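The file target_35.pdb contains PDB, C-alpha atoms, pLDDT in the B column:
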```pdb
ATOM      1  CA  MET A   1       0.000   0.000   0.000  1.00 48.00           C
ATOM      2  CA  THR A   2       1.475   3.375  -1.002  1.00 45.00           C
ATOM      3  CA  SER A   3       1.712   6.351   1.344  1.00 41.00           C
ATOM      4  CA  GLN A   4      -0.851   8.189  -0.801  1.00 42.00           C
ATOM      5  CA  THR A   5      -3.279   5.296  -0.448  1.00 43.00           C
ATOM      6  CA  ARG A   6      -2.733   5.187   3.317  1.00 44.00           C
ATOM      7  CA  HIS A   7      -3.337   8.945   3.533  1.00 43.00           C
ATOM      8  CA  SER A   8      -6.552   8.635   1.511  1.00 44.00           C
ATOM      9  CA  SER A   9      -7.796   5.775   3.691  1.00 43.00           C
ATOM     10  CA  PHE A  10      -7.007   7.746   6.842  1.00 39.00           C
ATOM     11  CA  SER A  11      -8.811  10.848   5.510  1.00 46.00           C
ATOM     12  CA  ARG A  12     -11.937   8.821   4.774  1.00 48.00           C
ATOM     13  CA  SER A  13     -11.842   7.208   8.224  1.00 49.00           C
ATOM     14  CA  VAL A  14     -11.570  10.454  10.214  1.00 49.00           C
ATOM     15  CA  PRO A  15     -15.253  11.488   9.830  1.00 55.00           C
ATOM     16  CA  ALA A  16     -16.260   7.997  11.005  1.00 53.00           C
ATOM     17  CA  ARG A  17     -14.023   8.397  14.051  1.00 55.00           C
ATOM     18  CA  LEU A  18     -15.658  11.736  14.814  1.00 52.00           C
ATOM     19  CA  VAL A  19     -19.102  10.145  14.656  1.00 50.00           C
ATOM     20  CA  VAL A  20     -17.952   7.444  17.084  1.00 50.00           C
ATOM     21  CA  LEU A  21     -16.635  10.164  19.423  1.00 51.00           C
ATOM     22  CA  LEU A  22     -19.963  11.978  19.263  1.00 50.00           C
ATOM     23  CA  ILE A  23     -21.856   8.786  20.114  1.00 48.00           C
ATOM     24  CA  ILE A  24     -19.574   8.109  23.090  1.00 48.00           C
ATOM     25  CA  VAL A  25     -19.933  11.663  24.367  1.00 46.00           C
ATOM     26  CA  PHE A  26     -23.717  11.778  23.999  1.00 46.00           C
ATOM     27  CA  HIS A  27     -23.990   8.557  26.008  1.00 48.00           C
ATOM     28  CA  ALA A  28     -21.492   9.544  28.712  1.00 45.00           C
ATOM     29  CA  PRO A  29     -22.579   8.291  32.151  1.00 43.00           C
ATOM     30  CA  ALA A  30     -24.390  10.778  34.324  1.00 39.00           C
ATOM     31  CA  HIS A  31     -22.313   9.787  37.355  1.00 41.00           C
ATOM     32  CA  ALA A  32     -19.369  11.656  35.776  1.00 40.00           C
ATOM     33  CA  GLN A  33     -20.616  14.677  37.717  1.00 40.00           C
ATOM     34  CA  THR A  34     -18.688  15.435  40.864  1.00 39.00           C
ATOM     35  CA  GLY A  35     -19.548  17.507  43.884  1.00 40.00           C
ATOM     36  CA  GLY A  36     -23.006  18.895  44.448  1.00 40.00           C
ATOM     37  CA  SER A  37     -23.204  21.355  41.550  1.00 51.00           C
ATOM     38  CA  SER A  38     -24.452  20.971  38.006  1.00 57.00           C
ATOM     39  CA  PRO A  39     -23.380  23.188  35.082  1.00 68.00           C
ATOM     40  CA  GLY A  40     -25.761  25.496  33.259  1.00 85.00           C
ATOM     41  CA  ALA A  41     -26.149  26.278  29.585  1.00 94.00           C
ATOM     42  CA  SER A  42     -24.424  29.257  28.009  1.00 96.00           C
ATOM     43  CA  VAL A  43     -24.655  31.407  24.898  1.00 97.00           C
ATOM     44  CA  GLY A  44     -21.741  33.200  23.344  1.00 96.00           C
ATOM     45  CA  PHE A  45     -20.275  35.132  20.474  1.00 97.00           C
ATOM     46  CA  SER A  46     -16.758  35.378  19.125  1.00 97.00           C
ATOM     47  CA  LEU A  47     -14.541  36.947  16.509  1.00 97.00           C
ATOM     48  CA  GLN A  48     -12.759  34.390  14.352  1.00 97.00           C
ATOM     49  CA  GLN A  49      -9.601  34.742  12.277  1.00 97.00           C
ATOM     50  CA  LEU A  50      -9.593  32.404   9.285  1.00 96.00           C
ATOM     51  CA  VAL A  51      -6.275  30.825   8.214  1.00 96.00           C
ATOM     52  CA  PRO A  52      -6.609  28.869   4.920  1.00 95.00           C
ATOM     53  CA  ARG A  53      -4.666  25.621   4.472  1.00 95.00           C
ATOM     54  CA  GLY A  54      -3.559  23.575   1.466  1.00 93.00           C
ATOM     55  CA  GLU A  55      -4.930  24.466  -1.970  1.00 93.00           C
ATOM     56  CA  PHE A  56      -7.394  26.883  -0.393  1.00 93.00           C
ATOM     57  CA  ARG A  57      -4.451  28.817   0.990  1.00 92.00           C
ATOM     58  CA  GLU A  58      -2.755  28.972  -2.414  1.00 90.00           C
ATOM     59  CA  ASN A  59      -5.932  30.305  -4.011  1.00 88.00           C
ATOM     60  CA  THR A  60      -6.489  33.019  -1.387  1.00 87.00           C
ATOM     61  CA  ARG A  61      -2.909  33.841  -0.369  1.00 84.00           C
ATOM     62  CA  ASP A  62      -3.108  37.463  -1.558  1.00 80.00           C
ATOM     63  CA  ALA A  63      -6.266  38.229   0.409  1.00 83.00           C
ATOM     64  CA  PRO A  64      -5.798  40.730   3.260  1.00 84.00           C
ATOM     65  CA  TRP A  65      -6.211  39.251   6.736  1.00 87.00           C
ATOM     66  CA  SER A  66      -9.063  41.709   7.363  1.00 87.00           C
ATOM     67  CA  HIS A  67     -11.065  39.858   4.672  1.00 87.00           C
ATOM     68  CA  GLN A  68     -10.432  36.418   6.164  1.00 93.00           C
ATOM     69  CA  GLY A  69     -12.535  36.143   9.284  1.00 94.00           C
ATOM     70  CA  ALA A  70     -15.974  35.555  10.742  1.00 96.00           C
ATOM     71  CA  LEU A  71     -18.454  36.476  13.451  1.00 97.00           C
ATOM     72  CA  ALA A  72     -19.799  33.461  15.342  1.00 97.00           C
ATOM     73  CA  PHE A  73     -22.622  32.629  17.744  1.00 97.00           C
ATOM     74  CA  ASP A  74     -22.955  29.464  19.789  1.00 97.00           C
ATOM     75  CA  LEU A  75     -25.130  27.658  22.308  1.00 97.00           C
ATOM     76  CA  VAL A  76     -23.487  25.266  24.779  1.00 96.00           C
ATOM     77  CA  LEU A  77     -25.675  22.671  26.519  1.00 96.00           C
ATOM     78  CA  PRO A  78     -24.184  20.558  29.331  1.00 95.00           C
ATOM     79  CA  VAL A  79     -24.734  16.798  29.427  1.00 94.00           C
ATOM     80  CA  ASN A  80     -22.944  16.553  32.780  1.00 92.00           C
ATOM     81  CA  SER A  81     -20.046  18.309  34.507  1.00 90.00           C
ATOM     82  CA  PHE A  82     -17.485  17.105  31.969  1.00 94.00           C
ATOM     83  CA  VAL A  83     -19.467  16.711  28.737  1.00 96.00           C
ATOM     84  CA  PHE A  84     -21.252  19.305  26.614  1.00 96.00           C
ATOM     85  CA  VAL A  85     -23.099  19.652  23.307  1.00 97.00           C
ATOM     86  CA  ARG A  86     -22.378  22.730  21.201  1.00 97.00           C
ATOM     87  CA  LEU A  87     -24.347  24.393  18.389  1.00 97.00           C
ATOM     88  CA  ASP A  88     -22.427  26.870  16.223  1.00 97.00           C
ATOM     89  CA  TYR A  89     -23.317  29.369  13.500  1.00 97.00           C
ATOM     90  CA  PHE A  90     -20.812  31.712  11.878  1.00 97.00           C
ATOM     91  CA  PHE A  91     -20.551  33.897   8.790  1.00 95.00           C
ATOM     92  CA  GLY A  92     -17.738  35.898   7.257  1.00 94.00           C
ATOM     93  CA  MET A  93     -15.299  36.338   4.382  1.00 92.00           C
ATOM     94  CA  TYR A  94     -12.446  34.315   2.888  1.00 91.00           C
ATOM     95  CA  ASP A  95     -11.180  36.603   0.086  1.00 87.00           C
ATOM     96  CA  LYS A  96     -11.390  40.146  -1.223  1.00 79.00           C
ATOM     97  CA  ASN A  97     -12.553  40.784  -4.756  1.00 67.00           C
ATOM     98  CA  ARG A  98      -9.907  43.087  -6.177  1.00 59.00           C
ATOM     99  CA  VAL A  99     -11.685  43.405  -9.532  1.00 54.00           C
ATOM    100  CA  LYS A 100     -13.689  46.619  -9.756  1.00 52.00           C
ATOM    101  CA  THR A 101     -17.357  45.894 -10.386  1.00 50.00           C
ATOM    102  CA  TYR A 102     -19.364  49.045 -10.891  1.00 44.00           C
ATOM    103  CA  ASP A 103     -22.796  47.454 -11.121  1.00 45.00           C
ATOM    104  CA  LYS A 104     -23.346  45.752  -7.767  1.00 47.00           C
ATOM    105  CA  ALA A 105     -26.644  44.316  -9.015  1.00 45.00           C
ATOM    106  CA  LEU A 106     -24.567  41.910 -11.127  1.00 46.00           C
ATOM    107  CA  CYS A 107     -23.200  40.184  -8.050  1.00 48.00           C
ATOM    108  CA  GLY A 108     -26.061  40.517  -5.590  1.00 45.00           C
ATOM    109  CA  GLY A 109     -24.549  43.533  -3.863  1.00 44.00           C
ATOM    110  CA  TYR A 110     -21.561  41.596  -2.442  1.00 46.00           C
ATOM    111  CA  CYS A 111     -18.867  42.508  -4.947  1.00 53.00           C
ATOM    112  CA  ASP A 112     -16.139  43.342  -2.454  1.00 58.00           C
ATOM    113  CA  SER A 113     -15.567  39.961  -0.839  1.00 70.00           C
ATOM    114  CA  GLY A 114     -15.932  36.207  -1.050  1.00 84.00           C
ATOM    115  CA  SER A 115     -18.459  35.480   1.690  1.00 89.00           C
ATOM    116  CA  PHE A 116     -19.670  32.311   3.400  1.00 93.00           C
ATOM    117  CA  ARG A 117     -21.855  31.041   6.231  1.00 95.00           C
ATOM    118  CA  ALA A 118     -21.757  27.794   8.181  1.00 96.00           C
ATOM    119  CA  GLY A 119     -23.435  25.975  11.020  1.00 96.00           C
ATOM    120  CA  GLY A 120     -22.826  22.758  12.879  1.00 96.00           C
ATOM    121  CA  ILE A 121     -23.293  20.601  15.930  1.00 97.00           C
ATOM    122  CA  GLY A 122     -20.615  18.984  18.040  1.00 97.00           C
ATOM    123  CA  SER A 123     -19.756  17.761  21.484  1.00 96.00           C
ATOM    124  CA  GLY A 124     -16.763  17.902  23.743  1.00 97.00           C
ATOM    125  CA  LEU A 125     -15.090  17.377  27.090  1.00 97.00           C
ATOM    126  CA  ILE A 126     -14.240  20.192  29.508  1.00 95.00           C
ATOM    127  CA  LEU A 127     -12.484  20.479  32.860  1.00 93.00           C
ATOM    128  CA  PRO A 128     -15.419  21.724  34.974  1.00 89.00           C
ATOM    129  CA  ARG A 129     -13.524  23.604  37.689  1.00 89.00           C
ATOM    130  CA  GLY A 130     -10.555  25.889  38.147  1.00 90.00           C
ATOM    131  CA  PRO A 131      -9.437  29.341  36.963  1.00 93.00           C
ATOM    132  CA  LEU A 132      -8.654  27.856  33.515  1.00 94.00           C
ATOM    133  CA  ARG A 133     -10.994  25.258  32.001  1.00 95.00           C
ATOM    134  CA  PRO A 134      -9.495  23.607  28.905  1.00 97.00           C
ATOM    135  CA  TYR A 135     -11.720  21.638  26.560  1.00 97.00           C
ATOM    136  CA  ALA A 136     -11.608  19.559  23.375  1.00 97.00           C
ATOM    137  CA  THR A 137     -14.402  19.353  20.805  1.00 97.00           C
ATOM    138  CA  ALA A 138     -15.383  17.674  17.522  1.00 97.00           C
ATOM    139  CA  GLY A 139     -18.436  17.902  15.297  1.00 97.00           C
ATOM    140  CA  LEU A 140     -20.125  18.024  11.904  1.00 97.00           C
ATOM    141  CA  GLY A 141     -21.733  20.851   9.938  1.00 97.00           C
ATOM    142  CA  ARG A 142     -22.429  22.458   6.586  1.00 97.00           C
ATOM    143  CA  MET A 143     -20.771  25.421   4.871  1.00 96.00           C
ATOM    144  CA  SER A 144     -22.209  27.548   2.057  1.00 94.00           C
ATOM    145  CA  ILE A 145     -20.263  29.947  -0.163  1.00 91.00           C
ATOM    146  CA  ARG A 146     -22.031  32.917  -1.769  1.00 85.00           C
ATOM    147  CA  PRO A 147     -23.647  31.427  -4.924  1.00 83.00           C
ATOM    148  CA  PHE A 148     -22.542  32.363  -8.412  1.00 80.00           C
ATOM    149  CA  GLU A 149     -23.119  31.267 -12.020  1.00 75.00           C
ATOM    150  CA  ASP A 150     -20.636  29.363 -14.167  1.00 72.00           C
ATOM    151  CA  GLU A 151     -19.728  30.200 -17.772  1.00 70.00           C
ATOM    152  CA  SER A 152     -22.845  28.475 -19.074  1.00 68.00           C
ATOM    153  CA  GLY A 153     -25.101  30.525 -16.806  1.00 70.00           C
ATOM    154  CA  GLU A 154     -25.894  27.616 -14.475  1.00 73.00           C
ATOM    155  CA  LYS A 155     -25.727  28.061 -10.708  1.00 79.00           C
ATOM    156  CA  THR A 156     -22.815  26.207  -9.149  1.00 81.00           C
ATOM    157  CA  ASP A 157     -22.875  23.927  -6.114  1.00 83.00           C
ATOM    158  CA  THR A 158     -21.472  26.167  -3.392  1.00 88.00           C
ATOM    159  CA  GLY A 159     -22.495  24.105  -0.358  1.00 92.00           C
ATOM    160  CA  ALA A 160     -20.793  21.168   1.331  1.00 95.00           C
ATOM    161  CA  GLY A 161     -20.659  19.319   4.613  1.00 96.00           C
ATOM    162  CA  TYR A 162     -17.644  19.643   6.872  1.00 96.00           C
ATOM    163  CA  TRP A 163     -16.129  18.032   9.932  1.00 96.00           C
ATOM    164  CA  ILE A 164     -14.307  19.874  12.651  1.00 96.00           C
ATOM    165  CA  TYR A 165     -12.054  19.273  15.624  1.00 97.00           C
ATOM    166  CA  GLY A 166     -10.303  21.606  17.996  1.00 97.00           C
ATOM    167  CA  ALA A 167      -9.487  22.718  21.504  1.00 97.00           C
ATOM    168  CA  GLY A 168      -9.804  25.784  23.651  1.00 97.00           C
ATOM    169  CA  VAL A 169      -9.894  27.199  27.138  1.00 97.00           C
ATOM    170  CA  ARG A 170     -12.632  28.971  29.063  1.00 96.00           C
ATOM    171  CA  ILE A 171     -11.656  31.561  31.675  1.00 96.00           C
ATOM    172  CA  PRO A 172     -14.418  32.299  34.228  1.00 94.00           C
ATOM    173  CA  THR A 173     -14.878  35.787  35.666  1.00 91.00           C
ATOM    174  CA  ARG A 174     -16.600  36.875  38.866  1.00 88.00           C
ATOM    175  CA  SER A 175     -19.840  37.414  36.940  1.00 89.00           C
ATOM    176  CA  LYS A 176     -21.831  35.090  34.684  1.00 91.00           C
ATOM    177  CA  TRP A 177     -19.513  35.970  31.807  1.00 94.00           C
ATOM    178  CA  SER A 178     -16.449  33.958  30.844  1.00 95.00           C
ATOM    179  CA  ILE A 179     -13.735  34.426  28.236  1.00 97.00           C
ATOM    180  CA  ASP A 180     -13.473  31.729  25.573  1.00 97.00           C
ATOM    181  CA  VAL A 181     -10.452  31.326  23.280  1.00 98.00           C
ATOM    182  CA  SER A 182     -10.016  28.384  20.939  1.00 97.00           C
ATOM    183  CA  TRP A 183      -8.564  26.863  17.795  1.00 97.00           C
ATOM    184  CA  ARG A 184     -10.637  24.747  15.388  1.00 97.00           C
ATOM    185  CA  HIS A 185      -9.746  22.949  12.177  1.00 97.00           C
ATOM    186  CA  HIS A 186     -12.368  22.578   9.423  1.00 97.00           C
ATOM    187  CA  ARG A 187     -12.392  20.294   6.360  1.00 96.00           C
ATOM    188  CA  THR A 188     -15.206  20.400   3.819  1.00 96.00           C
ATOM    189  CA  GLY A 189     -16.388  18.158   1.033  1.00 95.00           C
ATOM    190  CA  PRO A 190     -16.044  19.319  -2.615  1.00 94.00           C
ATOM    191  CA  ILE A 191     -17.264  22.898  -2.892  1.00 92.00           C
ATOM    192  CA  SER A 192     -17.228  25.587  -5.609  1.00 90.00           C
ATOM    193  CA  TYR A 193     -15.924  29.038  -4.760  1.00 89.00           C
ATOM    194  CA  GLN A 194     -14.596  32.143  -6.473  1.00 84.00           C
ATOM    195  CA  HIS A 195     -11.275  33.793  -5.740  1.00 81.00           C
ATOM    196  CA  ALA A 196      -9.081  36.518  -7.151  1.00 74.00           C
ATOM    197  CA  GLU A 197      -6.152  35.463  -9.328  1.00 73.00           C
ATOM    198  CA  GLN A 198      -3.348  37.653 -10.615  1.00 68.00           C
ATOM    199  CA  ASN A 199      -2.505  37.173 -14.288  1.00 67.00           C
ATOM    200  CA  GLY A 200       0.362  38.497 -16.357  1.00 62.00           C
ATOM    201  CA  PHE A 201       1.077  42.228 -16.560  1.00 63.00           C
ATOM    202  CA  GLY A 202      -0.448  42.753 -13.128  1.00 60.00           C
ATOM    203  CA  SER A 203      -4.065  42.156 -14.148  1.00 63.00           C
ATOM    204  CA  ILE A 204      -6.452  40.447 -11.751  1.00 68.00           C
ATOM    205  CA  ALA A 205      -9.353  38.170 -12.615  1.00 71.00           C
ATOM    206  CA  VAL A 206     -11.993  36.357 -10.599  1.00 75.00           C
ATOM    207  CA  VAL A 207     -11.852  32.615 -11.266  1.00 80.00           C
ATOM    208  CA  ALA A 208     -13.883  29.673 -10.000  1.00 83.00           C
ATOM    209  CA  THR A 209     -12.420  26.558  -8.370  1.00 87.00           C
ATOM    210  CA  ARG A 210     -13.980  23.358  -7.067  1.00 90.00           C
ATOM    211  CA  ASN A 211     -12.164  21.277  -4.481  1.00 91.00           C
ATOM    212  CA  ARG A 212     -12.204  20.238  -0.835  1.00 94.00           C
ATOM    213  CA  ILE A 213     -11.086  23.112   1.350  1.00 94.00           C
ATOM    214  CA  GLN A 214      -9.531  23.214   4.792  1.00 96.00           C
ATOM    215  CA  PHE A 215      -8.896  26.079   7.157  1.00 97.00           C
ATOM    216  CA  ASP A 216      -8.187  26.886  10.792  1.00 97.00           C
ATOM    217  CA  MET A 217     -10.194  29.284  12.922  1.00 97.00           C
ATOM    218  CA  PHE A 218      -8.569  31.096  15.846  1.00 98.00           C
ATOM    219  CA  THR A 219     -11.334  32.550  18.002  1.00 97.00           C
ATOM    220  CA  ALA A 220     -11.742  34.900  20.945  1.00 98.00           C
ATOM    221  CA  GLY A 221     -15.126  35.558  22.495  1.00 97.00           C
ATOM    222  CA  LEU A 222     -17.389  35.735  25.515  1.00 97.00           C
ATOM    223  CA  GLN A 223     -19.836  33.224  26.995  1.00 96.00           C
ATOM    224  CA  TYR A 224     -22.796  34.113  29.197  1.00 96.00           C
ATOM    225  CA  GLY A 225     -23.927  31.354  31.530  1.00 93.00           C
ATOM    226  CA  PHE A 226     -27.402  30.818  32.910  1.00 87.00           C
ATOM    227  CA  GLY A 227     -29.069  28.110  34.945  1.00 73.00           C
ATOM    228  CA  GLY A 228     -27.057  25.502  36.827  1.00 61.00           C
ATOM    229  CA  SER A 229     -26.769  25.052  40.543  1.00 50.00           C
TER     230      SER A 229
END
```

Mind turning the file's structure into structure tokens?
Amino acid sequence: MTSQTRHSSFSRSVPARLVVLLIIVFHAPAHAQTGGSSPGASVGFSLQQLVPRGEFRENTRDAPWSHQGALAFDLVLPVNSFVFVRLDYFFGMYDKNRVKTYDKALCGGYCDSGSFRAGGIGSGLILPRGPLRPYATAGLGRMSIRPFEDESGEKTDTGAGYWIYGAGVRIPTRSKWSIDVSWRHHRTGPISYQHAEQNGFGSIAVVATRNRIQFDMFTAGLQYGFGGS
């Protein structure tokens, strides 16, 4: 078996491993709770810096960092003291359109950037006590790029499922708020997207590509807790 074949087999097996992890977490025993307290749910928001990887990075390498980021919202539901379920929604940009388009009606009013939105569900494990509460998480979701038409005038398939894994740390404050910083890695299925490409003589064109994309998100946000005892 070649190294390329092994890599392909491993890549196909990772989503299955994530599903197994989710099943284990959802069925974690309730007696994992310790002490007399139970955690409450929390809602949060965060700013996310997108860092493209692989071919996606090559296609968007000239994009300014200010056009590679997202705003995210999440809902965290505790299963017990150590285990949680997390719902995420985020939207943002991955590239800047450096081609001047004077009629914004031609591109739906979003001519200045390559935009996207995504949502998913995951679960994770967290250290329930202490001034720093590290956690690990994994999940599944779907990502959608702003739609566009191909050369034949047909709408392209700009949506795909993705899987995610990552880690972070929550820092409680004296109030119901806590600071949440994290890193998450995303990998999508085949997806069509537009990006700016520099041609000869310094000219820039918008081209379309279809491939699996991967990127990291570095996030910083706040969580507001409610409930619990």

Each segment 179-220 of chain A residue no farther than 8 Å from segment 167-171 of chain A, nearest pair in Å, all atoms listed in the file, as JSON lines:
```
{"residue": "A:Ile179", "atom": "CA", "partner": "A:Ile171", "partner_atom": "CA", "distance": 4.9}
{"residue": "A:Asp180", "atom": "CA", "partner": "A:Arg170", "partner_atom": "CA", "distance": 4.5}
{"residue": "A:Val181", "atom": "CA", "partner": "A:Gly168", "partner_atom": "CA", "distance": 5.6}
{"residue": "A:Ser182", "atom": "CA", "partner": "A:Gly168", "partner_atom": "CA", "distance": 3.8}
{"residue": "A:Trp183", "atom": "CA", "partner": "A:Ala167", "partner_atom": "CA", "distance": 5.6}
{"residue": "A:Arg184", "atom": "CA", "partner": "A:Ala167", "partner_atom": "CA", "distance": 6.5}
```

With a distance cut-off of 9 Å and only C-alpha atoms, select the neighbouring residues of Arg61 of chain A, excluding the residue or stretch itself and same-chain residues fewer than 3 positions from it, and output the selection as JSON, numbers by chain.
-> {"A": [52, 56, 57, 58, 64, 95]}

Between A:Tyr165, A:Tyr135, A:Phe82, A:Trp177, smallest distance to Met217 of chain A by only C-alpha atoms belongs to A:Tyr165

Could you please determine the separation between atom CA of Phe215 of chain A and atom CA of Tyr162 of chain A in Å, to one decimal place?
-> 10.9 Å

Calculate how many Å separate atom CA of Arg187 of chain A from atom CA of Leu75 of chain A, rounding to one decimal.
->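 Pair atom CA of Arg187 of chain A / atom CA of Leu75 of chain A returns 21.7 Å.
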
Which polymer residues have any atom within 12 Å of an atom of Asn211 of chain A, counting all atoms listed in the file, with same-chain residues fewer than 2 positions away left out, as an MDAnalysis selection string?
-> chainID A and resid 54:56 59 157:160 187:194 208:209 213:214

Between atom CA of Ala138 of chain A and atom CA of Phe91 of chain A lies a distance of 19.1 Å

Kindly extract all protein, DNA and RNA residues lying within 7 Å of the coordinates (-17.8, 34.8, 19.3) given in the file, considering only C-alpha atoms, and supply them as a PyMOL selection string.
-> chain A and resi 44-47+71-73+219-222

Would you kindly return, as an MDAnalysis selection string, each protein, DNA or RNA residue with an atom no farther than 12 Å from any atom of His195 of chain A, considering only C-alpha atoms and excluding same-chain residues fewer than 6 positions away?
-> chainID A and resid 55:63 93:99 111:115 145:146 148 204:210

From A:Pro78, A:Gly227, A:Gly92, A:Leu127, residue lying nearest Leu50 of chain A [only C-alpha atoms] |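 Distance minimum relative to Leu50 of chain A lands on A:Gly92.
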
Please write out, as AutoDock Vina command-line options, where the centre of an axis-aligned box around all listed atoms of segment 175-180 of chain A lies and how long its edges are, in Å to one decimal, after adding 5 Å on each side.
```
--center_x -17.7 --center_y 34.6 --center_z 31.3 --size_x 18.4 --size_y 15.7 --size_z 21.4
```

Using the chain letters and numbers from the file, give me the residues hit by the PyMOL selection byres ((chain A and resi 141) around 7), as number ranges by chain.
-> A: 119-121, 139-140, 142-143, 161-163

Residue with the minimum atom-to-atom distance to Ser178 of chain A, picked from A:Gly153, A:Pro134, A:Gly225, A:Gly166 with all atoms listed in the file counted, is A:Gly225

Mind completing segment 111-127 of chain A with N, CA and C atoms? Output as a PDB file, keeping the file's coordinate frame, please?
```pdb
ATOM      1  N   CYS A 111     -19.968  42.562  -3.983  1.00 53.00           N
ATOM      2  CA  CYS A 111     -18.867  42.508  -4.947  1.00 53.00           C
ATOM      3  C   CYS A 111     -17.490  42.603  -4.294  1.00 53.00           C
ATOM      4  N   ASP A 112     -17.428  43.026  -3.055  1.00 58.00           N
ATOM      5  CA  ASP A 112     -16.139  43.342  -2.454  1.00 58.00           C
ATOM      6  C   ASP A 112     -15.494  42.189  -1.716  1.00 58.00           C
ATOM      7  N   SER A 113     -16.168  41.053  -1.591  1.00 70.00           N
ATOM      8  CA  SER A 113     -15.567  39.961  -0.839  1.00 70.00           C
ATOM      9  C   SER A 113     -16.171  38.628  -1.232  1.00 70.00           C
ATOM     10  N   GLY A 114     -15.413  37.557  -0.952  1.00 84.00           N
ATOM     11  CA  GLY A 114     -15.932  36.207  -1.050  1.00 84.00           C
ATOM     12  C   GLY A 114     -16.511  35.850   0.304  1.00 84.00           C
ATOM     13  N   SER A 115     -17.812  35.683   0.405  1.00 89.00           N
ATOM     14  CA  SER A 115     -18.459  35.480   1.690  1.00 89.00           C
ATOM     15  C   SER A 115     -18.944  34.045   1.842  1.00 89.00           C
ATOM     16  N   PHE A 116     -19.198  33.652   3.096  1.00 93.00           N
ATOM     17  CA  PHE A 116     -19.670  32.311   3.400  1.00 93.00           C
ATOM     18  C   PHE A 116     -20.472  32.334   4.694  1.00 93.00           C
ATOM     19  N   ARG A 117     -21.189  31.256   4.947  1.00 95.00           N
ATOM     20  CA  ARG A 117     -21.855  31.041   6.231  1.00 95.00           C
ATOM     21  C   ARG A 117     -21.799  29.550   6.535  1.00 95.00           C
ATOM     22  N   ALA A 118     -21.876  29.194   7.798  1.00 96.00           N
ATOM     23  CA  ALA A 118     -21.757  27.794   8.181  1.00 96.00           C
ATOM     24  C   ALA A 118     -22.421  27.566   9.525  1.00 96.00           C
ATOM     25  N   GLY A 119     -22.847  26.355   9.749  1.00 96.00           N
ATOM     26  CA  GLY A 119     -23.435  25.975  11.020  1.00 96.00           C
ATOM     27  C   GLY A 119     -23.185  24.511  11.299  1.00 96.00           C
ATOM     28  N   GLY A 120     -23.111  24.149  12.568  1.00 96.00           N
ATOM     29  CA  GLY A 120     -22.826  22.758  12.879  1.00 96.00           C
ATOM     30  C   GLY A 120     -23.183  22.397  14.305  1.00 96.00           C
ATOM     31  N   ILE A 121     -23.047  21.124  14.593  1.00 97.00           N
ATOM     32  CA  ILE A 121     -23.293  20.601  15.930  1.00 97.00           C
ATOM     33  C   ILE A 121     -22.123  19.706  16.324  1.00 97.00           C
ATOM     34  N   GLY A 122     -21.727  19.800  17.570  1.00 97.00           N
ATOM     35  CA  GLY A 122     -20.615  18.984  18.040  1.00 97.00           C
ATOM     36  C   GLY A 122     -20.754  18.716  19.517  1.00 97.00           C
ATOM     37  N   SER A 123     -19.790  18.035  20.054  1.00 96.00           N
ATOM     38  CA  SER A 123     -19.756  17.761  21.484  1.00 96.00           C
ATOM     39  C   SER A 123     -18.316  17.807  21.952  1.00 96.00           C
ATOM     40  N   GLY A 124     -18.119  17.801  23.242  1.00 97.00           N
ATOM     41  CA  GLY A 124     -16.763  17.902  23.743  1.00 97.00           C
ATOM     42  C   GLY A 124     -16.656  17.574  25.214  1.00 97.00           C
ATOM     43  N   LEU A 125     -15.424  17.635  25.693  1.00 97.00           N
ATOM     44  CA  LEU A 125     -15.090  17.377  27.090  1.00 97.00           C
ATOM     45  C   LEU A 125     -14.419  18.615  27.661  1.00 97.00           C
ATOM     46  N   ILE A 126     -14.788  18.999  28.881  1.00 95.00           N
ATOM     47  CA  ILE A 126     -14.240  20.192  29.508  1.00 95.00           C
ATOM     48  C   ILE A 126     -13.880  19.900  30.957  1.00 95.00           C
ATOM     49  N   LEU A 127     -12.820  20.530  31.435  1.00 93.00           N
ATOM     50  CA  LEU A 127     -12.484  20.479  32.860  1.00 93.00           C
ATOM     51  C   LEU A 127     -13.450  21.415  33.584  1.00 93.00           C
TER      52      LEU A 127
END
```
